[in-house]
Every structure is written in C-alpha cells, then in structure tokens.
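Have a look at the structure below before the remarks.
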Amino acid sequence: MFKKTGLLTGALTLGLVLTACGGNDGGDNGGNDGGNNGGNGGENTNEEGNDADAGAENDGEGETVDVEPQEWRFVVEETQGQVQYVYAQEFADLVSEKSDGALEIDVYEFGALGSEVDQVEQLTGNVVEFAIISPGFTGTLVPEGNIFALQFLFTDDQELNQEILNDSEAINEHLAAKYEEQGIMPLSFWTEGAMQWTGNSELRTPEDFEGFQMRTQESPLILESYEAYGANPTAMSWGELYTGLQQGAVEGQENPIFFIADANFNEVQDHMTISNHNMYVTMTTVNPDFYEGLDEATQGIIDESIEEMRQRGFDIQQEQNDEFLSQIEDDDENPTEIYELSEDERDAFRELALPVRDYYRENGGDDAEMILDMLEEEIEEAGGTVE
C-alpha cells in the first residue's frame, strides 16, 4: 500500500491543505509586508521572438529535444523570499534551463493576482498554468483534502513525513484524483515544516485554549480541531492576520516558524509554543487541460523539474525554519517566550485530537474514510505511530 507513484511520468491521470503563508508589498513579482499575502505581479519579460527550435536537454538520456517556445504563469501563496516563492522561482529556472530558454515561467507572489481563493479560480480557469495551493484553502471544494488539517496524524520526523508525501498511494492517487475532478492537477505534495502556535498568552495545555480566539484557514476540519481544544477558531486570510493579531481580533495563530518570523507575527505575539502538532502541507499544481495539451517532450521537462524539486523543496523549508528560529530567539526588540511542549503535554492535546479523525471520516467527503485509513496504514508502515 505504501507505493512510489512518480506522479508525472508519462500521461498524468491523477488529479490538493492547511494554514497560511506569505507577507510582502510591491516590487517585480512581489514584495514583503509582514503577512502571508501581498505584492505585485511580475512583468512579462519573455520576448515573442524565441527560436521555435530551441533545444531542451533530456538529462535521463543525454539527448536534445526540440520544444515550442512558451510563456507561462505560476502563482504562489507567499511572497518574495518565502519558501513557496523560492521554490517556484527555482522550478522556473530549471524549466528554462532544460528547455534552453524556450519555456519561460513568470512567478507571481501572493496578492499579485488576488487572494488565495482567487488563485484557485485562476488555476481552474486556466488564467494561470501553475499554482502552489494549500489544501486548507480548498477544503470546501475538495473535502477529502482536509485530511492535512488533522493534528498529530503524521510523525515528528519531517524528512520521513516528506517521504510519505512522496510515496503515499492514498495521497498521490486517491486524493489527487479528487482534485483533478475540480480542475486542479497536483504534481507534488510537500511540507513547509512543522506547525507551531503563537499567542498573546502562553499555550501549553488544552486549558490555555479555553475561549481562545484562534485564527485558522477556511477549513471546517481546522475549525473542528481547535473547537476540540475549547478554542473559538476564526477563519481569516493571512493578508489580514497581522492587523488582526495587533488589534486583538484574534489572539493567536499557527504556522511554520519561517512564516511566523518573516510575516513579523512575533512583533504582535509574546509567546511561541514549539508544539509540532502538524506540518504545513502544500501542493504544486497545474491546470490539467493545459498539461494534457502539451507535447510529450514539454511534459517531460515539467516532470523532470518536479522530481528534482522534491529534495530541494524540503531543503528550502528546513534552511528557512532553522534560520528564522534563530532570528526570533535573537530579536531583543520583540522578545518572545519560546516553550517546547514535553511529550506528556503533547499527549494531552493528542488525546483530544483523535476524535476529530472520526469527524473527518464522517464529514470529509465520499472517500474520506478510505483515504484516512489507507494513509494511517502507510504512516505506520513507514515507521510512524498511529493511535
């Protein structure tokens, strides 16, 4: 059941979570304003006079393949310098290199083309060809995608979790097919790192969440997860989150460390809990009609680049999360109390989180139970612990 799929080799027939990321204004293809949204679109720099016979190197065979010059759009949910944007730009560079410049991709940061919801609509409408989409913003469109909102489901080992995301049949076949039915074709699922809590008060026990105004994404399952702790979850776009925290509209939020720091949430939050209660899963996606309309050589360049970005994507998030944790620790102007939960403390949250899996099975869509049961088995086979 734990199956290596190699998502995009040949004709792709597969058809996805969670929290928010981003933060900038202005500049070509974006800027940074301290939230996970913001920025301007980049200029179209590819000239129409590209040589139609530009060659693309097939690294696997060492041959040169002719591809038709094209220019595409790639929109992300974060801003310049953040994980998704860096990933997308490196992917664009790989595609350009492999096609000898014939295939050009313009990367648009969050806010350049609208909100997270706008970006999903632009992908399904083929306004943009590629997008990084977090399942948490598509929970009503594909309810099975809410699986990534389940807390304490994956292991504490982020590298192992990425291997599970790469290889899982539940995710790469069954869940991906649900997205493809909605005009979203996942090319890869990947982690942006473990999720942590920040608050204007400490968050160490479930009792600390009683009545707590917790910001979440637009995901019914995320709301259910925090209600299980006794919190009052509030869905909010990350573009509004900094101000919401500053003005007290919400009291806390969850995100990977790089996003907490780069969005400057530590300026308006006094506490950060290293909870590792979940990981931020996102997916690189393509419009399926666009992809299936490409010739085999061009598809091959995309597929090759996606495969090469699997390890690179993991490295980018790890580098940024390590770097930004140090930055928060060393920020004397905005001191943050950082507390790491003990295993006993995590167990108290884990116990409350387990019944939410049944809620997902009952309310997560027609195939929710099958997908979750299969994924739990895959996690266990990979060396994780499933309660």
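Chain labels run A, B, ... following the order of the structure tokens; each chain numbers its residues from 1, and ligands are numbered from 1 in the order shown.
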As an mmCIF file with N, CA and C atoms, in the first residue's frame, please: the residues near region 227-230 of chain A (cut-off 8 Å, only C-alpha atoms, same-chain neighbours under 6 positions excluded).
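What follows is the written file out.cif:
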```
data_model
loop_
_atom_site.group_PDB
_atom_site.id
_atom_site.type_symbol
_atom_site.label_atom_id
_atom_site.label_comp_id
_atom_site.auth_asym_id
_atom_site.auth_seq_id
_atom_site.Cartn_x
_atom_site.Cartn_y
_atom_site.Cartn_z
ATOM 1 N N PRO A 206 -4.386 22.196 27.062
ATOM 2 C CA PRO A 206 -5.701 22.447 26.467
ATOM 3 C C PRO A 206 -6.482 23.525 27.205
ATOM 4 N N GLU A 207 -6.258 23.619 28.506
ATOM 5 C CA GLU A 207 -6.961 24.651 29.283
ATOM 6 C C GLU A 207 -6.603 26.053 28.805
ATOM 7 N N PHE A 209 -6.363 26.978 25.870
ATOM 8 C CA PHE A 209 -7.134 27.274 24.656
ATOM 9 C C PHE A 209 -8.604 27.572 24.958
ATOM 10 N N GLU A 210 -9.040 27.417 26.212
ATOM 11 C CA GLU A 210 -10.444 27.641 26.541
ATOM 12 C C GLU A 210 -10.841 29.084 26.209
ATOM 13 N N GLY A 211 -11.770 29.239 25.259
ATOM 14 C CA GLY A 211 -12.231 30.569 24.869
ATOM 15 C C GLY A 211 -11.242 31.366 24.047
ATOM 16 N N PHE A 212 -10.125 30.772 23.672
ATOM 17 C CA PHE A 212 -9.044 31.458 22.952
ATOM 18 C C PHE A 212 -9.462 31.710 21.503
ATOM 19 N N PHE A 349 -2.906 16.997 24.222
ATOM 20 C CA PHE A 349 -3.535 17.512 23.007
ATOM 21 C C PHE A 349 -3.872 16.376 22.046
ATOM 22 N N LEU A 352 -7.189 14.715 22.700
ATOM 23 C CA LEU A 352 -8.347 15.492 22.266
ATOM 24 C C LEU A 352 -8.459 15.542 20.751
ATOM 25 N N ALA A 353 -7.324 15.381 20.064
ATOM 26 C CA ALA A 353 -7.324 15.472 18.602
ATOM 27 C C ALA A 353 -7.820 14.193 17.936
ATOM 28 N N VAL A 356 -11.314 13.813 16.300
ATOM 29 C CA VAL A 356 -11.538 14.629 15.105
ATOM 30 C C VAL A 356 -11.343 13.782 13.845
#
```
Mind checking DSSP for region 127-226 of chain A and telling me the strand (DSSP E or B) residues as a ChimeraX atom specification?
/A:130-133,168,185-194,196-199,213-216
With N, CA and C atoms retained, could you export that selection as an mmCIF file, in the first residue's frame?
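Written file, again.cif:
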```
data_model
loop_
_atom_site.group_PDB
_atom_site.id
_atom_site.type_symbol
_atom_site.label_atom_id
_atom_site.label_comp_id
_atom_site.auth_asym_id
_atom_site.auth_seq_id
_atom_site.Cartn_x
_atom_site.Cartn_y
_atom_site.Cartn_z
ATOM 1 N N PHE A 130 0.261 27.265 -13.566
ATOM 2 C CA PHE A 130 0.769 26.592 -12.377
ATOM 3 C C PHE A 130 0.381 27.381 -11.134
ATOM 4 N N ALA A 131 0.227 26.673 -10.013
ATOM 5 C CA ALA A 131 -0.040 27.332 -8.733
ATOM 6 C C ALA A 131 0.415 26.433 -7.604
ATOM 7 N N ILE A 132 0.883 27.055 -6.533
ATOM 8 C CA ILE A 132 1.066 26.332 -5.283
ATOM 9 C C ILE A 132 -0.176 26.612 -4.447
ATOM 10 N N ILE A 133 -0.877 25.550 -4.093
ATOM 11 C CA ILE A 133 -2.156 25.662 -3.397
ATOM 12 C C ILE A 133 -2.095 24.848 -2.112
ATOM 13 N N SER A 168 2.935 8.092 -0.935
ATOM 14 C CA SER A 168 1.628 7.625 -0.490
ATOM 15 C C SER A 168 0.643 7.418 -1.642
ATOM 16 N N MET A 185 -4.627 19.722 -10.926
ATOM 17 C CA MET A 185 -3.812 18.516 -11.019
ATOM 18 C C MET A 185 -2.571 18.664 -10.131
ATOM 19 N N PRO A 186 -2.512 17.955 -9.000
ATOM 20 C CA PRO A 186 -1.318 18.016 -8.156
ATOM 21 C C PRO A 186 -0.126 17.350 -8.839
ATOM 22 N N LEU A 187 0.975 18.045 -8.874
ATOM 23 C CA LEU A 187 2.231 17.487 -9.381
ATOM 24 C C LEU A 187 3.079 16.923 -8.250
ATOM 25 N N SER A 188 2.982 17.549 -7.078
ATOM 26 C CA SER A 188 3.682 17.022 -5.899
ATOM 27 C C SER A 188 3.074 17.630 -4.650
ATOM 28 N N PHE A 189 3.122 16.864 -3.571
ATOM 29 C CA PHE A 189 2.731 17.324 -2.239
ATOM 30 C C PHE A 189 4.016 17.466 -1.418
ATOM 31 N N TRP A 190 4.139 18.549 -0.660
ATOM 32 C CA TRP A 190 5.378 18.731 0.093
ATOM 33 C C TRP A 190 5.135 19.557 1.351
ATOM 34 N N THR A 191 6.039 19.393 2.305
ATOM 35 C CA THR A 191 5.916 20.081 3.583
ATOM 36 C C THR A 191 6.724 21.371 3.610
ATOM 37 N N GLU A 192 6.145 22.371 4.260
ATOM 38 C CA GLU A 192 6.883 23.614 4.525
ATOM 39 C C GLU A 192 7.367 23.668 5.965
ATOM 40 N N GLY A 193 7.258 22.544 6.656
ATOM 41 C CA GLY A 193 7.796 22.462 8.007
ATOM 42 C C GLY A 193 6.719 22.248 9.042
ATOM 43 N N ALA A 194 7.164 21.937 10.256
ATOM 44 C CA ALA A 194 6.251 21.696 11.364
ATOM 45 C C ALA A 194 5.525 22.975 11.753
ATOM 46 N N GLN A 196 3.685 25.508 14.399
ATOM 47 C CA GLN A 196 3.842 25.938 15.785
ATOM 48 C C GLN A 196 2.747 26.945 16.119
ATOM 49 N N TRP A 197 2.486 27.107 17.403
ATOM 50 C CA TRP A 197 1.480 28.075 17.855
ATOM 51 C C TRP A 197 2.146 29.355 18.349
ATOM 52 N N THR A 198 1.516 30.477 18.082
ATOM 53 C CA THR A 198 1.878 31.723 18.750
ATOM 54 C C THR A 198 0.624 32.285 19.401
ATOM 55 N N GLY A 199 0.813 33.058 20.480
ATOM 56 C CA GLY A 199 -0.336 33.630 21.174
ATOM 57 C C GLY A 199 0.042 34.862 21.968
ATOM 58 N N GLN A 213 -9.280 32.944 21.034
ATOM 59 C CA GLN A 213 -9.633 33.320 19.664
ATOM 60 C C GLN A 213 -8.473 32.937 18.738
ATOM 61 N N MET A 214 -8.602 31.759 18.119
ATOM 62 C CA MET A 214 -7.527 31.205 17.294
ATOM 63 C C MET A 214 -7.812 31.437 15.827
ATOM 64 N N ARG A 215 -6.896 32.075 15.130
ATOM 65 C CA ARG A 215 -7.061 32.269 13.689
ATOM 66 C C ARG A 215 -6.765 30.965 12.957
ATOM 67 N N THR A 216 -7.604 30.631 11.981
ATOM 68 C CA THR A 216 -7.379 29.451 11.161
ATOM 69 C C THR A 216 -7.653 29.779 9.698
#
```
Each residue of region 166-200 of chain A with at least one atom at most 10 Å from region 366-376 of chain A should appear once, together with its nearest atom pair and the corresponding distance in Å (one decimal); atoms considered: only C-alpha atoms; ordering: chain, then increasing residue number; output as a tab-separated table.
```
residue	atom	partner	partner_atom	distance
A:Ser168	CA	A:Leu375	CA	7.1
A:Glu169	CA	A:Leu375	CA	7.9
A:Ala170	CA	A:Ile371	CA	5.3
A:Ile171	CA	A:Ile371	CA	7.5
A:Glu173	CA	A:Ile371	CA	9.8
A:His174	CA	A:Ile371	CA	6.9
A:Leu175	CA	A:Ile371	CA	7.1
A:Lys178	CA	A:Asp367	CA	9.1
```
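For region 138-214 of chain A, a DSSP pass over the backbone yields alpha helix (DSSP H) at Gln158, Glu159, Leu160, Asn161, Gln162, Glu163, Ile164, Leu165, Asn166, Asp167, Glu169, Ala176, Ala177, Lys178, Tyr179 and Glu180 of chain A.
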Which residues are close to region 140-145 of chain A, i.e. within 12 Å by only C-alpha atoms, leaving aside same-chain residues fewer than 6 positions away? Reply as a PyMOL selection string.
chain A and resi 15-18+117+120-121+124+133-134+170-172+174-184+186+189+217-222+281-283+357+359-372
Quick one: write out the picked residues with C-alpha atoms as a PDB file, in the first residue's frame?
```
ATOM      1  CA  GLY A  15      -5.908  14.696 -10.101  1.00  0.00           C
ATOM      2  CA  LEU A  16      -4.762  19.167  -3.094  1.00  0.00           C
ATOM      3  CA  VAL A  17      -4.041  21.841   2.987  1.00  0.00           C
ATOM      4  CA  LEU A  18      -3.527  23.956   5.517  1.00  0.00           C
ATOM      5  CA  VAL A 117      -9.404  31.774  -3.322  1.00  0.00           C
ATOM      6  CA  VAL A 120      -7.554  28.644  -7.125  1.00  0.00           C
ATOM      7  CA  GLU A 121     -10.142  30.043  -9.537  1.00  0.00           C
ATOM      8  CA  THR A 124      -9.054  26.057 -12.677  1.00  0.00           C
ATOM      9  CA  ILE A 133      -2.156  25.662  -3.397  1.00  0.00           C
ATOM     10  CA  SER A 134      -2.582  24.742   0.247  1.00  0.00           C
ATOM     11  CA  ALA A 170      -3.731   7.473  -0.542  1.00  0.00           C
ATOM     12  CA  ILE A 171      -2.456  10.963  -1.308  1.00  0.00           C
ATOM     13  CA  ASN A 172      -0.932  10.734  -4.780  1.00  0.00           C
ATOM     14  CA  HIS A 174      -6.909   8.739  -4.453  1.00  0.00           C
ATOM     15  CA  LEU A 175      -6.735  12.271  -3.029  1.00  0.00           C
ATOM     16  CA  ALA A 176      -5.048  13.702  -6.107  1.00  0.00           C
ATOM     17  CA  ALA A 177      -7.845  12.299  -8.281  1.00  0.00           C
ATOM     18  CA  LYS A 178     -10.370  14.277  -6.225  1.00  0.00           C
ATOM     19  CA  TYR A 179      -8.516  17.475  -7.040  1.00  0.00           C
ATOM     20  CA  GLU A 180      -8.243  16.648 -10.709  1.00  0.00           C
ATOM     21  CA  GLU A 181     -12.021  16.324 -10.851  1.00  0.00           C
ATOM     22  CA  GLN A 182     -12.110  20.009  -9.844  1.00  0.00           C
ATOM     23  CA  GLY A 183      -9.624  21.168 -12.466  1.00  0.00           C
ATOM     24  CA  ILE A 184      -6.559  21.022 -10.200  1.00  0.00           C
ATOM     25  CA  PRO A 186      -1.318  18.016  -8.156  1.00  0.00           C
ATOM     26  CA  PHE A 189       2.731  17.324  -2.239  1.00  0.00           C
ATOM     27  CA  GLN A 217      -7.798  28.887   7.442  1.00  0.00           C
ATOM     28  CA  GLU A 218     -11.162  28.393   5.772  1.00  0.00           C
ATOM     29  CA  SER A 219     -11.342  24.705   6.610  1.00  0.00           C
ATOM     30  CA  PRO A 220     -14.195  23.080   8.552  1.00  0.00           C
ATOM     31  CA  LEU A 221     -11.831  20.442   9.907  1.00  0.00           C
ATOM     32  CA  ILE A 222      -9.336  23.009  11.203  1.00  0.00           C
ATOM     33  CA  VAL A 281       1.408  20.670   3.607  1.00  0.00           C
ATOM     34  CA  THR A 282       1.080  22.349   0.261  1.00  0.00           C
ATOM     35  CA  MET A 283       0.977  21.141  -3.309  1.00  0.00           C
ATOM     36  CA  ARG A 357     -10.423  11.807  12.802  1.00  0.00           C
ATOM     37  CA  TYR A 359     -15.377  13.695  12.289  1.00  0.00           C
ATOM     38  CA  TYR A 360     -13.250  13.675   9.133  1.00  0.00           C
ATOM     39  CA  ARG A 361     -14.357  10.140   8.241  1.00  0.00           C
ATOM     40  CA  GLU A 362     -17.997  11.179   8.542  1.00  0.00           C
ATOM     41  CA  ASN A 363     -17.814  14.662   7.037  1.00  0.00           C
ATOM     42  CA  GLY A 364     -14.705  14.672   4.840  1.00  0.00           C
ATOM     43  CA  GLY A 365     -16.314  13.551   1.590  1.00  0.00           C
ATOM     44  CA  ASP A 366     -17.299  10.278  -0.030  1.00  0.00           C
ATOM     45  CA  ASP A 367     -13.802   8.758   0.097  1.00  0.00           C
ATOM     46  CA  ALA A 368     -12.600  10.308   3.358  1.00  0.00           C
ATOM     47  CA  GLU A 369     -12.717   7.124   5.395  1.00  0.00           C
ATOM     48  CA  MET A 370     -10.879   5.095   2.761  1.00  0.00           C
ATOM     49  CA  ILE A 371      -8.196   7.739   2.272  1.00  0.00           C
ATOM     50  CA  LEU A 372      -7.565   8.241   6.000  1.00  0.00           C
TER      51      LEU A 372
END
```
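Close contacts of Trp72 (chain A), defined as residues with an atom at most 9 Å away when counting only C-alpha atoms, with chain neighbours fewer than 5 positions off set aside, comprise A:Leu103, A:Glu104, A:Ile105, A:Asp106, A:Val107, A:Val128, A:Glu129, A:Phe130.
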Could the residues in this selection be saved with N, CA and C atoms as a PDB file, in the first residue's frame?
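Written file, result.pdb:
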```pdb
ATOM      1  N   LEU A 103      11.134  27.648 -22.664  1.00  0.00           N
ATOM      2  CA  LEU A 103       9.995  27.645 -21.752  1.00  0.00           C
ATOM      3  C   LEU A 103      10.268  28.625 -20.613  1.00  0.00           C
ATOM      4  N   GLU A 104       9.498  29.693 -20.555  1.00  0.00           N
ATOM      5  CA  GLU A 104       9.685  30.729 -19.543  1.00  0.00           C
ATOM      6  C   GLU A 104       8.484  30.754 -18.609  1.00  0.00           C
ATOM      7  N   ILE A 105       8.746  30.853 -17.311  1.00  0.00           N
ATOM      8  CA  ILE A 105       7.680  30.906 -16.305  1.00  0.00           C
ATOM      9  C   ILE A 105       7.835  32.181 -15.490  1.00  0.00           C
ATOM     10  N   ASP A 106       6.785  32.998 -15.459  1.00  0.00           N
ATOM     11  CA  ASP A 106       6.746  34.189 -14.621  1.00  0.00           C
ATOM     12  C   ASP A 106       6.092  33.823 -13.296  1.00  0.00           C
ATOM     13  N   VAL A 107       6.775  34.097 -12.184  1.00  0.00           N
ATOM     14  CA  VAL A 107       6.283  33.762 -10.855  1.00  0.00           C
ATOM     15  C   VAL A 107       5.607  34.977 -10.238  1.00  0.00           C
ATOM     16  N   VAL A 128      -3.926  31.056 -15.054  1.00  0.00           N
ATOM     17  CA  VAL A 128      -2.535  30.722 -14.769  1.00  0.00           C
ATOM     18  C   VAL A 128      -2.367  29.233 -15.011  1.00  0.00           C
ATOM     19  N   GLU A 129      -1.162  28.847 -15.395  1.00  0.00           N
ATOM     20  CA  GLU A 129      -0.914  27.440 -15.689  1.00  0.00           C
ATOM     21  C   GLU A 129      -0.507  26.650 -14.457  1.00  0.00           C
ATOM     22  N   PHE A 130       0.261  27.265 -13.566  1.00  0.00           N
ATOM     23  CA  PHE A 130       0.769  26.592 -12.377  1.00  0.00           C
ATOM     24  C   PHE A 130       0.381  27.381 -11.134  1.00  0.00           C
TER      25      PHE A 130
END
```
May I have the residues within 12 Å of Glu159 (chain A) as a tab-separated table (two decimals) with N, CA and C atoms, in the first residue's frame, using only C-alpha atoms and disregarding those fewer than 3 positions away in the same chain?
```
chain	number	residue	atom	x	y	z
A	154	PHE	N	0.70	12.81	11.40
A	154	PHE	CA	2.00	12.41	10.86
A	154	PHE	C	3.02	12.26	11.99
A	155	THR	N	4.24	11.89	11.62
A	155	THR	CA	5.29	11.66	12.61
A	155	THR	C	5.96	12.98	12.99
A	156	ASP	N	6.87	12.92	13.95
A	156	ASP	CA	7.64	14.09	14.33
A	156	ASP	C	8.87	14.28	13.44
A	162	GLN	N	8.05	13.77	4.60
A	162	GLN	CA	8.16	14.11	3.19
A	162	GLN	C	8.21	12.85	2.32
A	163	GLU	N	8.89	11.82	2.81
A	163	GLU	CA	8.91	10.56	2.08
A	163	GLU	C	7.50	9.98	1.96
A	164	ILE	N	6.72	10.09	3.03
A	164	ILE	CA	5.34	9.61	2.99
A	164	ILE	C	4.54	10.39	1.96
A	165	LEU	N	4.70	11.71	1.95
A	165	LEU	CA	4.00	12.53	0.97
A	165	LEU	C	4.41	12.15	-0.46
A	166	ASN	N	5.68	11.83	-0.65
A	166	ASN	CA	6.15	11.45	-1.99
A	166	ASN	C	5.56	10.13	-2.46
A	190	TRP	N	4.14	18.55	-0.66
A	190	TRP	CA	5.38	18.73	0.09
A	190	TRP	C	5.14	19.56	1.35
A	191	THR	N	6.04	19.39	2.31
A	191	THR	CA	5.92	20.08	3.58
A	191	THR	C	6.72	21.37	3.61
A	192	GLU	N	6.15	22.37	4.26
A	192	GLU	CA	6.88	23.61	4.52
A	192	GLU	C	7.37	23.67	5.97
A	193	GLY	N	7.26	22.54	6.66
A	193	GLY	CA	7.80	22.46	8.01
A	193	GLY	C	6.72	22.25	9.04
A	194	ALA	N	7.16	21.94	10.26
A	194	ALA	CA	6.25	21.70	11.36
A	194	ALA	C	5.53	22.97	11.75
A	279	MET	N	2.07	19.55	10.32
A	279	MET	CA	3.01	20.16	9.38
A	279	MET	C	2.19	20.89	8.33
A	310	ARG	N	11.80	17.94	-5.51
A	310	ARG	CA	11.32	17.28	-4.29
A	310	ARG	C	12.30	17.47	-3.13
A	311	GLN	N	13.55	17.11	-3.32
A	311	GLN	CA	14.53	17.27	-2.26
A	311	GLN	C	14.85	18.74	-2.04
A	313	GLY	N	12.89	21.32	-2.43
A	313	GLY	CA	11.82	21.95	-1.67
A	313	GLY	C	11.95	21.68	-0.18
A	314	PHE	N	12.30	20.44	0.16
A	314	PHE	CA	12.49	20.10	1.57
A	314	PHE	C	13.65	20.89	2.16
A	315	ASP	N	14.73	21.01	1.41
A	315	ASP	CA	15.91	21.74	1.90
A	315	ASP	C	15.60	23.22	2.11
A	317	GLN	N	12.72	24.68	2.92
A	317	GLN	CA	11.94	24.92	4.14
A	317	GLN	C	12.78	24.67	5.39
A	318	GLN	N	13.64	23.65	5.34
A	318	GLN	CA	14.46	23.35	6.52
A	318	GLN	C	15.44	24.49	6.80
A	382	ALA	N	5.67	3.13	7.42
A	382	ALA	CA	6.87	3.93	7.23
A	382	ALA	C	7.65	4.13	8.53
A	383	GLY	N	7.08	3.69	9.63
A	383	GLY	CA	7.78	3.80	10.90
A	383	GLY	C	7.16	4.78	11.86
A	384	GLY	N	6.00	5.33	11.49
A	384	GLY	CA	5.31	6.25	12.37
A	384	GLY	C	4.41	5.49	13.33
```
